[in-house]
Amino acid sequence: QVQLVESGGGLVQAGGSLRLSCAASGRTFSSYTMAWFRQAPGKEREFVSAISWSDSSTYYADSVKGRFTISRDNAKNTMYLQMNSLKPEDTAVYYCASHRLAFSSGSVRFRSDYNYWGQGTQVTVSS
């Protein structure tokens, strides 16, 4: 079955950086758009960033644009999220997700676009 395993979370001071990883198995990784979502306490899970299966398109929430960079290494079945200039409001559990459709060129920003999720990794940014 499909498994997504996040790593790289932790505690960092405001202005610092972290790099999250998502290791995937169980399906042809390179055929699927991948994404990062996050969920802060008491809030809905929200879209952070996505990268197309072809690696040619990337998408970001306005709140992270210019600070976060998404990438993927299809040879390693791994996706990354480089997070710079972190702010206390970035504190959340970060989840990786795999799109429900192979070779999709459609919607990428909604939870319903994805049918596989990791268990999440905690990111805490102190002020």
# chains A, B, ... in the order shown; residues from 1 in each chain; ligands from 1
$ residues_around --residues "Ile51 (chain A)" --least-positions-apart "4" --cutoff "9 Å" --atoms "only C-alpha atoms" --output "list in words"
Thr33, Met34, Ala35, Asp55, Ser56, Ser57, Thr58, Tyr59, Ile70, Ser71, Arg72, Met79 and Val108 of chain A
$ select_by_dssp --residues "region 18-120 of chain A" --states "helix (DSSP H, G or I)" --output "JSON, numbers by chain"
{"A": [29, 30, 31, 88, 89, 90, 111, 112, 113]}
$ residues_around --residues "Ala14 (chain A)" --least-positions-apart "6" --cutoff "10 Å" --atoms "only C-alpha atoms" --output "ChimeraX atom specification"
/A:84-90,124-127
$ closest_residue --among "A:Phe68, A:Phe47, A:Phe29, A:Tyr94" --to "Ser107 (chain A)" --atoms "only C-alpha atoms"
A:Phe47
$ closest_residue --among "A:Lys43, A:Arg19, A:His99, A:Arg67" --to "Arg111 (chain A)" --atoms "only C-alpha atoms"
A:His99
$ select_by_dssp --residues "region 14-43 of chain A" --states "strand (DSSP E)" --output "CSV table (one decimal) with N, CA, C and O atoms, in the first residue's frame"
chain,number,residue,atom,x,y,z
A,18,LEU,N,14.2,25.3,8.3
A,18,LEU,CA,14.1,23.8,8.4
A,18,LEU,C,13.8,23.2,7.0
A,18,LEU,O,13.3,23.9,6.2
A,19,ARG,N,14.2,22.0,6.9
A,19,ARG,CA,13.9,21.3,5.6
A,19,ARG,C,13.2,20.0,5.9
A,19,ARG,O,13.7,19.1,6.6
A,20,LEU,N,11.9,19.9,5.4
A,20,LEU,CA,11.1,18.7,5.6
A,20,LEU,C,11.3,17.8,4.4
A,20,LEU,O,11.5,18.2,3.3
A,21,SER,N,11.2,16.5,4.7
A,21,SER,CA,11.3,15.5,3.7
A,21,SER,C,10.0,14.6,3.8
A,21,SER,O,9.5,14.4,4.9
A,22,CYS,N,9.6,14.1,2.6
A,22,CYS,CA,8.5,13.1,2.6
A,22,CYS,C,9.0,12.0,1.7
A,22,CYS,O,9.1,12.1,0.5
A,23,ALA,N,9.2,10.8,2.3
A,23,ALA,CA,9.6,9.6,1.6
A,23,ALA,C,8.3,8.8,1.2
A,23,ALA,O,7.5,8.5,2.1
A,24,ALA,N,8.2,8.5,-0.1
A,24,ALA,CA,7.0,7.8,-0.6
A,24,ALA,C,7.3,6.4,-1.0
A,24,ALA,O,8.4,6.1,-1.5
A,25,SER,N,6.4,5.5,-0.9
A,25,SER,CA,6.5,4.1,-1.4
A,25,SER,C,5.1,3.6,-1.7
A,25,SER,O,4.1,4.1,-1.2
A,32,TYR,N,2.7,11.3,-9.9
A,32,TYR,CA,1.7,12.0,-9.1
A,32,TYR,C,2.2,13.3,-8.6
A,32,TYR,O,3.3,13.4,-8.1
A,33,THR,N,1.3,14.3,-8.7
A,33,THR,CA,1.6,15.6,-8.0
A,33,THR,C,1.6,15.3,-6.5
A,33,THR,O,0.8,14.6,-6.0
A,34,MET,N,2.5,16.0,-5.8
A,34,MET,CA,2.6,15.9,-4.4
A,34,MET,C,2.4,17.3,-3.7
A,34,MET,O,2.7,18.3,-4.4
A,35,ALA,N,2.1,17.3,-2.5
A,35,ALA,CA,1.8,18.5,-1.8
A,35,ALA,C,2.1,18.5,-0.3
A,35,ALA,O,2.3,17.4,0.2
A,36,TRP,N,2.3,19.7,0.2
A,36,TRP,CA,2.4,19.9,1.7
A,36,TRP,C,1.2,20.6,2.2
A,36,TRP,O,0.8,21.6,1.5
A,37,PHE,N,0.6,20.2,3.2
A,37,PHE,CA,-0.4,20.9,4.0
A,37,PHE,C,0.1,21.1,5.4
A,37,PHE,O,1.0,20.4,5.8
A,38,ARG,N,-0.6,21.9,6.1
A,38,ARG,CA,-0.3,22.1,7.6
A,38,ARG,C,-1.5,22.3,8.4
A,38,ARG,O,-2.5,22.8,7.8
A,39,GLN,N,-1.5,22.0,9.6
A,39,GLN,CA,-2.6,22.2,10.5
A,39,GLN,C,-2.1,22.7,11.9
A,39,GLN,O,-1.4,22.0,12.6
